[in-house]
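> See run-v1.tsv below, with TSV, C-alpha atoms.
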```tsv
chain	number	residue	atom	x	y	z
A	540	MET	CA	0.00	0.00	0.00
A	541	LEU	CA	2.78	2.40	1.00
A	542	GLU	CA	4.64	1.55	-2.22
A	543	THR	CA	1.53	2.31	-4.30
A	544	VAL	CA	1.06	5.69	-2.63
A	545	LYS	CA	4.74	6.44	-3.21
A	546	ASP	CA	4.41	5.60	-6.92
A	547	CYS	CA	1.30	7.76	-7.24
A	548	LEU	CA	3.04	10.73	-5.62
A	549	LEU	CA	6.01	10.15	-7.92
A	550	VAL	CA	3.78	10.20	-11.00
A	551	MET	CA	2.06	13.40	-9.85
A	552	GLY	CA	5.43	14.99	-9.20
A	553	ARG	CA	6.58	14.03	-12.69
A	554	ILE	CA	3.44	15.55	-14.23
A	555	ALA	CA	4.06	18.76	-12.31
A	556	THR	CA	7.61	19.00	-13.65
A	557	ILE	CA	7.37	17.51	-17.14
A	558	ILE	CA	4.33	19.45	-18.40
A	559	PRO	CA	5.89	22.90	-17.84
A	560	LEU	CA	9.06	21.64	-19.54
A	561	LEU	CA	7.03	20.27	-22.43
A	562	LEU	CA	5.19	23.60	-22.76
A	563	PHE	CA	8.48	25.50	-22.81
A	564	VAL	CA	10.00	23.21	-25.46
A	565	THR	CA	6.85	23.40	-27.63
A	566	LEU	CA	6.93	27.21	-27.52
A	567	PHE	CA	10.64	27.05	-28.34
A	568	MET	CA	9.93	24.84	-31.37
A	569	GLY	CA	7.66	27.55	-32.74
A	570	LYS	CA	4.14	28.09	-34.02
A	571	ARG	CA	4.81	26.14	-37.24
A	572	ALA	CA	5.33	22.90	-35.32
A	573	ILE	CA	1.85	23.00	-33.79
A	574	GLY	CA	-0.02	25.00	-36.42
A	575	GLU	CA	0.75	23.30	-39.74
A	576	LEU	CA	2.25	20.07	-38.45
A	577	PRO	CA	4.17	18.83	-41.52
A	578	VAL	CA	5.26	15.20	-41.53
A	579	PHE	CA	8.66	15.78	-39.89
A	580	ASP	CA	7.20	17.91	-37.11
A	581	PHE	CA	4.45	15.33	-36.64
A	582	LEU	CA	7.12	12.66	-36.00
A	583	ILE	CA	8.88	14.91	-33.49
A	584	VAL	CA	5.64	15.64	-31.62
A	585	LEU	CA	4.71	11.95	-31.73
A	586	THR	CA	8.09	10.98	-30.28
A	587	ILE	CA	7.89	13.58	-27.53
A	588	GLY	CA	4.41	12.34	-26.66
A	589	ALA	CA	5.65	8.76	-26.39
A	590	VAL	CA	8.59	9.79	-24.20
A	591	VAL	CA	6.45	11.90	-21.89
A	592	GLY	CA	3.74	9.23	-21.66
A	593	ALA	CA	6.23	6.54	-20.72
A	594	ASP	CA	7.89	8.79	-18.15
A	595	ILE	CA	4.60	9.67	-16.46
A	596	ALA	CA	3.14	6.16	-16.50
A	597	ASP	CA	6.22	4.19	-15.41
A	598	PRO	CA	7.84	5.26	-12.13
A	599	ASN	CA	10.83	3.00	-12.91
A	600	ILE	CA	11.93	5.23	-15.80
A	601	LYS	CA	14.53	7.77	-14.74
A	602	HIS	CA	13.21	11.33	-14.88
A	603	ILE	CA	16.34	13.29	-15.82
A	604	PRO	CA	17.06	11.37	-19.07
A	605	THR	CA	13.43	11.95	-20.10
A	606	ALA	CA	13.81	15.69	-19.60
A	607	THR	CA	17.09	15.63	-21.53
A	608	THR	CA	15.41	13.76	-24.39
A	609	ILE	CA	12.61	16.32	-24.62
A	610	VAL	CA	15.04	19.23	-24.73
A	611	ALA	CA	17.23	17.44	-27.30
A	612	LEU	CA	14.22	16.73	-29.55
A	613	GLY	CA	13.12	20.37	-29.34
A	614	ILE	CA	16.57	21.60	-30.32
A	615	PHE	CA	16.78	19.02	-33.13
A	616	GLN	CA	13.43	20.13	-34.55
A	617	ARG	CA	14.51	23.79	-34.40
A	618	LEU	CA	17.75	23.03	-36.23
A	619	MET	CA	15.95	21.02	-38.91
A	620	ALA	CA	13.45	23.87	-39.40
A	621	LYS	CA	16.33	26.28	-40.04
A	622	TRP	CA	18.00	23.75	-42.34
A	623	LYS	CA	14.79	23.40	-44.36
A	624	ILE	CA	14.60	27.16	-44.80
A	625	SER	CA	18.22	27.47	-45.93
A	626	ASN	CA	18.19	24.37	-48.18
A	627	ARG	CA	15.01	23.82	-50.20
A	628	LYS	CA	16.21	20.43	-51.50
A	629	ILE	CA	16.46	19.10	-47.95
A	630	GLY	CA	13.03	20.54	-47.18
A	631	ARG	CA	11.45	18.67	-50.09
A	632	LEU	CA	13.08	15.41	-49.00
A	633	ILE	CA	11.53	15.43	-45.53
A	634	THR	CA	8.02	16.56	-46.40
A	635	PHE	CA	5.30	16.03	-49.01
A	636	GLU	CA	4.82	18.07	-52.16
A	637	PRO	CA	1.42	19.75	-52.69
A	638	THR	CA	-0.83	17.70	-54.98
A	639	ILE	CA	-3.57	18.96	-57.27
A	640	VAL	CA	-6.67	16.79	-56.84
A	641	VAL	CA	-9.29	18.84	-58.70
A	642	LYS	CA	-8.70	20.86	-61.88
A	643	ASP	CA	-11.46	22.68	-63.76
A	644	GLY	CA	-14.06	20.79	-61.72
A	645	LYS	CA	-12.58	17.39	-62.61
A	646	ILE	CA	-11.27	15.01	-59.94
A	647	LEU	CA	-7.80	13.76	-60.88
A	648	ASN	CA	-7.99	10.04	-60.26
A	649	HIS	CA	-4.28	9.27	-60.64
A	650	ASN	CA	-3.28	12.03	-58.20
A	651	LEU	CA	-5.71	10.71	-55.61
A	652	LYS	CA	-4.10	7.29	-55.90
A	653	LYS	CA	-0.61	8.78	-55.44
A	654	ILE	CA	-1.51	10.32	-52.09
A	655	ARG	CA	-3.92	7.51	-51.11
A	656	TYR	CA	-6.95	9.76	-50.75
A	657	SER	CA	-10.46	8.62	-51.59
A	658	ILE	CA	-13.23	10.55	-53.31
A	659	ASP	CA	-15.04	10.73	-49.95
A	660	ASN	CA	-11.98	12.36	-48.33
A	661	VAL	CA	-11.86	15.09	-50.96
A	662	LEU	CA	-15.62	15.73	-50.97
A	663	GLN	CA	-15.67	16.06	-47.18
A	664	MET	CA	-12.74	18.48	-47.21
A	665	LEU	CA	-14.41	20.53	-49.94
A	666	ARG	CA	-17.64	20.71	-47.94
A	667	GLN	CA	-15.63	22.03	-45.01
A	668	LYS	CA	-14.55	24.81	-47.37
A	669	ASP	CA	-18.21	25.54	-48.23
A	670	VAL	CA	-17.94	23.86	-51.62
A	671	PHE	CA	-20.87	21.56	-52.38
A	672	ASP	CA	-20.47	21.28	-56.14
A	673	LEU	CA	-17.26	20.22	-57.91
A	674	ASN	CA	-18.23	22.37	-60.86
A	675	ASP	CA	-17.55	25.43	-58.68
A	676	VAL	CA	-13.88	24.49	-58.26
A	677	ASP	CA	-11.16	25.87	-60.52
A	678	ILE	CA	-8.37	24.11	-58.64
A	679	ALA	CA	-8.08	22.21	-55.33
A	680	ILE	CA	-4.73	21.29	-53.78
A	681	ILE	CA	-3.86	18.89	-50.97
A	682	GLU	CA	-1.11	20.68	-49.08
A	683	ALA	CA	1.92	19.11	-47.41
A	684	ASN	CA	0.15	19.06	-44.04
A	685	GLY	CA	-2.87	17.21	-45.46
A	686	SER	CA	-5.24	20.20	-45.58
A	687	ILE	CA	-6.96	21.34	-48.78
A	688	SER	CA	-6.70	24.71	-50.50
A	689	VAL	CA	-9.48	25.64	-52.91
A	690	TYR	CA	-9.67	28.30	-55.59
A	691	LYS	CA	-13.17	28.69	-56.94
A	692	LYS	CA	-14.03	29.64	-60.48
A	693	THR	CA	-14.31	33.39	-60.89
A	694	GLU	CA	-18.07	33.38	-61.33
A	695	LYS	CA	-18.45	31.29	-58.16
A	696	ASN	CA	-16.50	33.59	-55.84
A	697	ALA	CA	-18.34	35.37	-53.04
A	698	ILE	CA	-20.14	38.52	-54.08
A	699	THR	CA	-18.51	41.83	-53.16
A	700	ARG	CA	-19.96	45.30	-52.67
A	701	GLU	CA	-18.86	46.16	-56.20
A	702	ASP	CA	-20.89	43.23	-57.46
A	703	MET	CA	-24.11	44.16	-55.72
A	704	ALA	CA	-25.64	45.25	-59.00
A	705	ILE	CA	-25.01	41.80	-60.46
A	706	ARG	CA	-27.68	39.20	-59.92
A	707	LYS	CA	-26.24	35.94	-58.61
A	708	GLN	CA	-27.57	32.66	-59.89
A	709	PRO	CA	-29.08	30.41	-57.24
A	710	SER	CA	-26.76	27.61	-56.17
A	711	SER	CA	-27.63	24.09	-55.12
A	712	ILE	CA	-25.96	21.06	-53.64
A	713	ALA	CA	-24.72	18.50	-56.15
A	714	LEU	CA	-25.30	14.88	-55.10
A	715	PRO	CA	-23.06	11.97	-56.15
A	716	ILE	CA	-24.85	9.83	-58.72
A	717	ILE	CA	-21.92	7.73	-60.06
A	718	VAL	CA	-18.85	6.81	-58.03
A	719	GLU	CA	-16.17	4.70	-59.70
A	720	GLY	CA	-18.66	3.31	-62.19
A	721	LYS	CA	-21.33	2.51	-59.59
A	722	LEU	CA	-24.74	4.05	-60.16
A	723	TYR	CA	-26.64	5.45	-57.16
A	724	ARG	CA	-30.25	4.66	-58.05
A	725	ASP	CA	-31.70	6.25	-54.92
A	726	VAL	CA	-30.39	9.63	-56.08
A	727	MET	CA	-32.01	9.05	-59.46
A	728	ASN	CA	-35.30	8.27	-57.78
A	729	ASP	CA	-35.10	11.35	-55.56
A	730	LEU	CA	-34.53	13.58	-58.59
A	731	ALA	CA	-37.06	11.73	-60.76
A	732	ILE	CA	-34.66	10.82	-63.56
A	733	ASN	CA	-34.21	7.51	-65.35
A	734	GLU	CA	-31.28	5.60	-66.79
A	735	THR	CA	-32.23	6.44	-70.37
A	736	TRP	CA	-31.93	10.15	-69.61
A	737	LEU	CA	-28.66	9.61	-67.73
A	738	HIS	CA	-27.05	7.53	-70.49
A	739	GLN	CA	-28.09	10.16	-73.03
A	740	GLN	CA	-26.44	12.87	-70.95
A	741	LEU	CA	-23.27	10.80	-70.71
A	742	ALA	CA	-23.34	10.08	-74.45
A	743	ASP	CA	-23.57	13.82	-75.11
A	744	LYS	CA	-20.31	14.13	-73.17
A	745	GLY	CA	-18.71	11.34	-75.20
A	746	ILE	CA	-19.05	8.68	-72.48
A	747	LYS	CA	-20.51	5.34	-73.51
A	748	ASN	CA	-19.73	3.19	-70.47
A	749	LEU	CA	-20.46	3.84	-66.78
A	750	ASN	CA	-17.13	2.20	-65.91
A	751	ASP	CA	-15.36	5.13	-67.59
A	752	VAL	CA	-16.83	7.48	-64.99
A	753	PHE	CA	-14.74	8.11	-61.90
A	754	PHE	CA	-17.22	10.51	-60.29
A	755	ALA	CA	-20.42	12.20	-61.40
A	756	SER	CA	-22.73	14.50	-59.51
A	757	ILE	CA	-26.08	16.10	-60.28
A	758	ASN	CA	-27.96	19.00	-58.73
A	759	ASP	CA	-31.68	19.61	-58.36
A	760	GLN	CA	-31.66	21.48	-61.68
A	761	HIS	CA	-30.55	18.23	-63.34
A	762	GLN	CA	-27.15	19.61	-64.26
A	763	LEU	CA	-24.76	16.66	-64.58
A	764	HIS	CA	-21.05	17.06	-63.84
A	765	VAL	CA	-18.68	14.23	-64.73
A	766	SER	CA	-15.06	13.36	-63.91
A	767	GLN	CA	-13.71	10.51	-66.02
A	768	LYS	CA	-11.15	7.95	-64.90
A	769	GLN	CA	-8.85	9.05	-67.70
A	770	THR	CA	-7.83	12.71	-67.49
A	771	GLU	CA	-5.94	13.18	-70.74
A	772	GLY	CA	-6.13	16.69	-72.12
A	773	ILE	CA	-6.37	18.38	-68.71
A	774	TYR	CA	-3.39	20.65	-68.09
A	775	ILE	CA	-2.03	20.02	-64.61
A	776	PRO	CA	0.62	22.52	-63.46
A	777	LYS	CA	3.49	21.21	-61.36
A	778	LEU	CA	3.55	22.65	-57.83
A	779	TYR	CA	6.60	23.06	-55.62
A	780	HIS	CA	7.15	24.38	-52.12
```
Show me the file's structure as structure tokens.

Amino acid sequence: MLETVKDCLLVMGRIATIIPLLLFVTLFMGKRAIGELPVFDFLIVLTIGAVVGADIADPNIKHIPTATTIVALGIFQRLMAKWKISNRKIGRLITFEPTIVVKDGKILNHNLKKIRYSIDNVLQMLRQKDVFDLNDVDIAIIEANGSISVYKKTEKNAITREDMAIRKQPSSIALPIIVEGKLYRDVMNDLAINETWLHQQLADKGIKNLNDVFFASINDQHQLHVSQKQTEGIYIPKLYH
């Protein structure tokens, strides 16, 4: 019993000392390490978390080496951050490049596969950016930290005071109707459309087979937007940090 109480007091004492140290080292590492969290910084934070967790949970681990490890990791991260700034080649080696996933309203299938993102991931991230129709997107980019940056088509940008005299067209949510060749019949039923109409719309776009469709959406005005599995002919600029 006495030994248990001693261990509990030891753990509480470690929390009281390690948390302020951890706070100091995190502030020393800088806002970038906790704000953007690129892959290298994520590994550093993950390692610090593992070290601190083990130190707090296991009274048998020596406290001073844990504190030394935390300080050393903070200094190492700070040095690497400076190295990345001074040497762009090194920076590109230890992080991800930005990846274009939507261009001119078309989802780029091969780029999604490269970064192992699904259609659902991209659609969710776009909704979080207040984009509910792919046709509104000029370009969407998955950044190095995994977030998405979206540039809407000019006519879809938010209205300004200078535009008050311009009447905006009503917008609507576009619902997925074909995903990777699979037809969502419940969406068709909700919008009162049939397969004959849908296949005719696809044929008008030069698509004869549902399996050629990577993603298609339709709004309540029956406007169909299609991204094919093959994206030849779409100019995709190369992005660098």
> Report as a VMD selection string all protein, DNA and RNA residues lying within 6 Å of Ile680 (chain A), evaluated on all atoms listed in the file, omitting residues in the same chain fewer than 4 positions from it.
chain A and resid 638 to 640 687 to 688
> Using only C-alpha atoms, please write the residues we just selected to a file, as a compact mmCIF listing (two decimals), in the coordinates of the input.

```
# COMPACT_ATOMS: atom_id res chain seq x y z
CA THR A 638 -0.83 17.70 -54.98
CA ILE A 639 -3.57 18.96 -57.27
CA VAL A 640 -6.67 16.79 -56.84
CA ILE A 687 -6.96 21.34 -48.78
CA SER A 688 -6.70 24.71 -50.50
```
> Could you please give me, as number ranges by chain, the residues of protein, DNA or RNA lying at most 8 Å from (-26.6, 18.2, -59.3) in the coordinate frame of the file, considering all atoms listed in the file?
A: 672, 711-715, 756-764
> Using all atoms listed in the file, which of A:Ile654, A:Leu647, A:Leu722, A:Leu741 sits nearest Lys768 (chain A)?
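Once distances to Lys768 (chain A) are computed over all atoms listed in the file, the minimum belongs to A:Leu647.
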> Applying 12 Å and all atoms listed in the file, which residues near Thr693 (chain A) remain after dropping the ones on its own chain fewer than 5 positions away? List them as a list of chain:residue names.
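With the cut-off at 12 Å, the set is A:Asp643, A:Asn674, A:Asp675, A:Val676, A:Asp677, A:Ile678, A:Ile698.
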> Point out the residue among A:Asn728, A:Thr608, A:Gln667, A:Gln740 with the least atom-to-atom distance to Val765 (chain A), counting only C-alpha atoms.
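The closest residue to Val765 (chain A) is A:Gln740.
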> To one decimal in Å, tell me the separation between CA of Thr556 (chain A) and CA of Gly592 (chain A).
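Rounded to one decimal, the two atoms are 13.2 Å apart.
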> Report, in Å with one decimal, the straight-line distance from CA of Phe753 (chain A) to CA of Gln767 (chain A).
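Separation of CA of Phe753 (chain A) and CA of Gln767 (chain A): 4.9 Å.
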> For CA of Ala679 (chain A) and CA of Ala755 (chain A), quote the distance in Å rounded to one decimal.
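According to the coordinates, CA of Ala679 (chain A) and CA of Ala755 (chain A) are separated by 17.0 Å.
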> Name the closest residue to Asn648 (chain A) among the candidates A:Met619, A:His738, A:Val718, A:Pro559; distances are taken between atoms, counting all atoms listed in the file.
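Checking each of A:Met619, A:His738, A:Val718, A:Pro559 against Asn648 (chain A), counting all atoms listed in the file, the winner is A:Val718.
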> Smallest atom-to-atom distance to Lys642 (chain A): which of A:Val661, A:Leu673, A:Ile732, A:Leu749, using all atoms listed in the file?
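Residue with the minimum atom-to-atom distance to Lys642 (chain A): A:Leu673.
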> Which residue, A:Lys623, A:Leu549, A:Thr586, A:His649, has the smallest gap to Lys601 (chain A) when you use all atoms listed in the file?
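So, comparing all the options, the nearest one is A:Leu549.
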> Of the candidates A:Thr543, A:Met664, A:Asp580, A:Gly720, which shows the shortest atom-to-atom distance to Leu618 (chain A), using all atoms listed in the file?
A:Asp580
